[in-house]
Structure formats: structure tokens, C-alpha cells
$ cat data.pdb   # PDB, C-alpha atoms
ATOM      1  CA  CYS Y   1     -39.381  37.597 -12.571  1.00  0.00           C
ATOM      2  CA  GLN Y   2     -36.254  39.521 -11.686  1.00  0.00           C
ATOM      3  CA  ALA Y   3     -33.374  37.251 -10.672  1.00  0.00           C
ATOM      4  CA  ALA Y   4     -30.968  39.973  -9.518  1.00  0.00           C
ATOM      5  CA  PRO Y   5     -32.669  40.630  -6.143  1.00  0.00           C
ATOM      6  CA  GLY Y   6     -32.731  36.871  -5.529  1.00  0.00           C
ATOM      7  CA  GLN Y   7     -28.955  36.598  -5.639  1.00  0.00           C
ATOM      8  CA  SER Y   8     -28.747  37.882  -2.067  1.00  0.00           C
ATOM      9  CA  PHE Y   9     -30.444  34.633  -0.963  1.00  0.00           C
ATOM     10  CA  VAL Y  10     -27.587  32.453  -2.236  1.00  0.00           C
ATOM     11  CA  GLY Y  11     -25.949  30.937   0.847  1.00  0.00           C
ATOM     12  CA  GLN Y  12     -29.125  31.094   2.939  1.00  0.00           C
ATOM     13  CA  ARG Y  13     -31.050  28.044   4.122  1.00  0.00           C
ATOM     14  CA  ALA Y  14     -33.801  26.786   1.808  1.00  0.00           C
ATOM     15  CA  SER Y  15     -37.143  26.853   3.617  1.00  0.00           C
ATOM     16  CA  ALA Y  16     -40.763  27.795   3.109  1.00  0.00           C
ATOM     17  CA  GLU Y  17     -40.064  31.177   4.702  1.00  0.00           C
ATOM     18  CA  THR Y  18     -37.085  31.796   2.418  1.00  0.00           C
ATOM     19  CA  GLY Y  19     -39.206  30.758  -0.563  1.00  0.00           C
ATOM     20  CA  SER Y  20     -41.875  33.312   0.330  1.00  0.00           C
ATOM     21  CA  ALA Y  21     -39.248  36.020   0.681  1.00  0.00           C
ATOM     22  CA  LEU Y  22     -37.728  35.027  -2.672  1.00  0.00           C
ATOM     23  CA  LEU Y  23     -41.092  35.289  -4.411  1.00  0.00           C
ATOM     24  CA  ARG Y  24     -41.651  38.764  -2.994  1.00  0.00           C
ATOM     25  CA  ALA Y  25     -38.111  39.959  -3.778  1.00  0.00           C
ATOM     26  CA  THR Y  26     -38.079  38.697  -7.367  1.00  0.00           C
ATOM     27  CA  ASN Y  27     -41.724  39.332  -8.304  1.00  0.00           C
ATOM     28  CA  ALA Y  28     -41.950  35.706  -9.465  1.00  0.00           C
ATOM     29  CA  SER Y  29     -45.338  34.044  -9.697  1.00  0.00           C
ATOM     30  CA  GLU Y  30     -44.086  30.595  -8.678  1.00  0.00           C
ATOM     31  CA  ILE Y  31     -40.985  28.870  -7.388  1.00  0.00           C
ATOM     32  CA  ARG Y  32     -39.368  25.611  -8.489  1.00  0.00           C
ATOM     33  CA  TRP Y  33     -37.061  24.064  -5.899  1.00  0.00           C
ATOM     34  CA  VAL Y  34     -34.295  21.909  -7.354  1.00  0.00           C
ATOM     35  CA  ALA Y  35     -32.757  19.372  -4.988  1.00  0.00           C
ATOM     36  CA  PRO Y  36     -29.191  18.093  -5.419  1.00  0.00           C
ATOM     37  CA  ASP Y  37     -28.677  15.525  -8.182  1.00  0.00           C
ATOM     38  CA  THR Y  38     -32.145  16.216  -9.604  1.00  0.00           C
ATOM     39  CA  ALA Y  39     -32.776  16.438 -13.325  1.00  0.00           C
ATOM     40  CA  VAL Y  40     -34.992  19.317 -14.424  1.00  0.00           C
ATOM     41  CA  THR Y  41     -36.568  20.156 -17.733  1.00  0.00           C
ATOM     42  CA  MET Y  42     -35.139  23.026 -19.731  1.00  0.00           C
ATOM     43  CA  ASP Y  43     -38.561  24.475 -20.527  1.00  0.00           C
ATOM     44  CA  LEU Y  44     -38.928  28.192 -19.973  1.00  0.00           C
ATOM     45  CA  LYS Y  45     -41.929  29.461 -18.072  1.00  0.00           C
ATOM     46  CA  PHE Y  46     -42.573  33.166 -17.705  1.00  0.00           C
ATOM     47  CA  GLY Y  47     -42.616  34.236 -14.063  1.00  0.00           C
ATOM     48  CA  ARG Y  48     -41.058  31.079 -12.613  1.00  0.00           C
ATOM     49  CA  LEU Y  49     -38.130  31.258 -10.220  1.00  0.00           C
ATOM     50  CA  THR Y  50     -35.837  28.233 -10.088  1.00  0.00           C
ATOM     51  CA  VAL Y  51     -33.915  27.831  -6.838  1.00  0.00           C
ATOM     52  CA  SER Y  52     -31.260  25.127  -6.438  1.00  0.00           C
ATOM     53  CA  TYR Y  53     -29.931  23.963  -3.093  1.00  0.00           C
ATOM     54  CA  ASP Y  54     -27.325  21.505  -1.823  1.00  0.00           C
ATOM     55  CA  TYR Y  55     -27.459  18.577   0.626  1.00  0.00           C
ATOM     56  CA  GLN Y  56     -27.191  20.966   3.575  1.00  0.00           C
ATOM     57  CA  MET Y  57     -30.291  22.841   2.297  1.00  0.00           C
ATOM     58  CA  THR Y  58     -28.165  25.863   1.381  1.00  0.00           C
ATOM     59  CA  ILE Y  59     -29.335  27.816  -1.658  1.00  0.00           C
ATOM     60  CA  THR Y  60     -26.722  27.589  -4.410  1.00  0.00           C
ATOM     61  CA  SER Y  61     -28.409  29.389  -7.315  1.00  0.00           C
ATOM     62  CA  VAL Y  62     -31.418  31.527  -8.179  1.00  0.00           C
ATOM     63  CA  ALA Y  63     -32.614  32.059 -11.756  1.00  0.00           C
ATOM     64  CA  CYS Y  64     -35.740  33.068 -13.627  1.00  0.00           C
ATOM     65  CA  THR Y  65     -36.597  30.164 -15.936  1.00  0.00           C
TER      66      THR Y  65
END

$ encode --input "data.pdb" --output "C-alpha cells"
Amino acid sequence: CQAAPGQSFVGQRASAETGSALLRATNASEIRWVAPDTAVTMDLKFGRLTVSYDYQMTITSVACT
């Protein structure tokens, strides 16, 4: 997983199509979508991309976790 290329998706709308593009751009093996006000575990998983979005479905952060 390479988070740097995923940073260009911050501000875009979260969707299945955006998720597919994120996976290709970051070479991640899976994606974890994090909705607003959602608790997530702090476990690290090689190859996983974590994408957070807000109530308007706008991507707010992209990280390899």
C-alpha cells in the first residue's frame, strides 16, 4: 500500500468507482471505508487502505493501515 497517490482523492466523493480507483492508485489489496462518527480498531493490516469520509460522502483522509 502506498498512501501518497491516494491523497489526490481527498475531497472527492466516496463511491464504489472511487474505491476501485483508490485501490489501483495505491496498490492496496483491500479498502476499509470509515463513516463519520465510527469507531475503528487500531490494528495494522498489511496492504489495507483506510478511507474516511464525512456526512456529505466526501473523502477526508486516506491512509495505509

$ residues_around --input "data.pdb" --residues "Pro36 (chain Y)" --least-positions-apart "5" --cutoff "10 Å" --atoms "all atoms listed in the file" --output "number ranges by chain"
Y: 52-57, 60

$ write_last_selection --input "data.pdb" --atoms "C-alpha atoms" --output "compact mmCIF listing (two decimals), keeping the file's coordinate frame"
# COMPACT_ATOMS: atom_id res chain seq x y z
CA SER Y 52 -31.26 25.13 -6.44
CA TYR Y 53 -29.93 23.96 -3.09
CA ASP Y 54 -27.32 21.50 -1.82
CA TYR Y 55 -27.46 18.58 0.63
CA GLN Y 56 -27.19 20.97 3.58
CA MET Y 57 -30.29 22.84 2.30
CA THR Y 60 -26.72 27.59 -4.41

$ closest_residue --input "data.pdb" --among "Y:Ala35, Y:Ala3, Y:Val40, Y:Leu49" --to "Gly19 (chain Y)" --atoms "only C-alpha atoms"
Y:Leu49

$ closest_residue --input "data.pdb" --among "Y:Ala39, Y:Val34, Y:Gly47, Y:Val62" --to "Leu22 (chain Y)" --atoms "only C-alpha atoms"
Y:Val62

$ resolve_selection --input "data.pdb" --expression "the PyMOL selection byres ((chain Y and resi 25) around 10)" --output "list in words"
Cys1, Gln2, Ala3, Ala4, Pro5, Gly6, Gln7, Ser8, Phe9, Gly19, Ser20, Ala21, Leu22, Leu23, Arg24, Thr26, Asn27 and Ala28 of chain Y

$ resolve_selection --input "data.pdb" --expression "the PyMOL selection byres ((chain Y and resi 11) around 8)" --output "PyMOL selection string"
chain Y and resi 9-10+12-13+58-60

$ atom_distance --input "data.pdb" --atom1 "CA of Ala14 (chain Y)" --atom2 "CA of Thr38 (chain Y)"
15.6 Å

$ atom_distance --input "data.pdb" --atom1 "CA of Phe46 (chain Y)" --atom2 "CA of Thr65 (chain Y)"
6.9 Å

$ resolve_selection --input "data.pdb" --expression "the PyMOL selection byres ((chain Y and resi 32) around 7)" --output "short mmCIF file (atom, residue, chain, number, x, y, z; two decimals) with C-alpha atoms, in the coordinates of the input"
data_model
loop_
_atom_site.label_atom_id
_atom_site.label_comp_id
_atom_site.auth_asym_id
_atom_site.auth_seq_id
_atom_site.Cartn_x
_atom_site.Cartn_y
_atom_site.Cartn_z
CA GLU Y 30 -44.09 30.60 -8.68
CA ILE Y 31 -40.98 28.87 -7.39
CA TRP Y 33 -37.06 24.06 -5.90
CA VAL Y 34 -34.30 21.91 -7.35
CA LEU Y 49 -38.13 31.26 -10.22
CA THR Y 50 -35.84 28.23 -10.09
CA VAL Y 51 -33.92 27.83 -6.84
#

$ axis_aligned_box --input "data.pdb" --around "region 60-63 of chain Y" --padding-each-side "3 Å" --output "JSON"
{"center_x": -29.7, "center_y": 29.8, "center_z": -8.1, "size_x": 11.9, "size_y": 10.5, "size_z": 13.3}
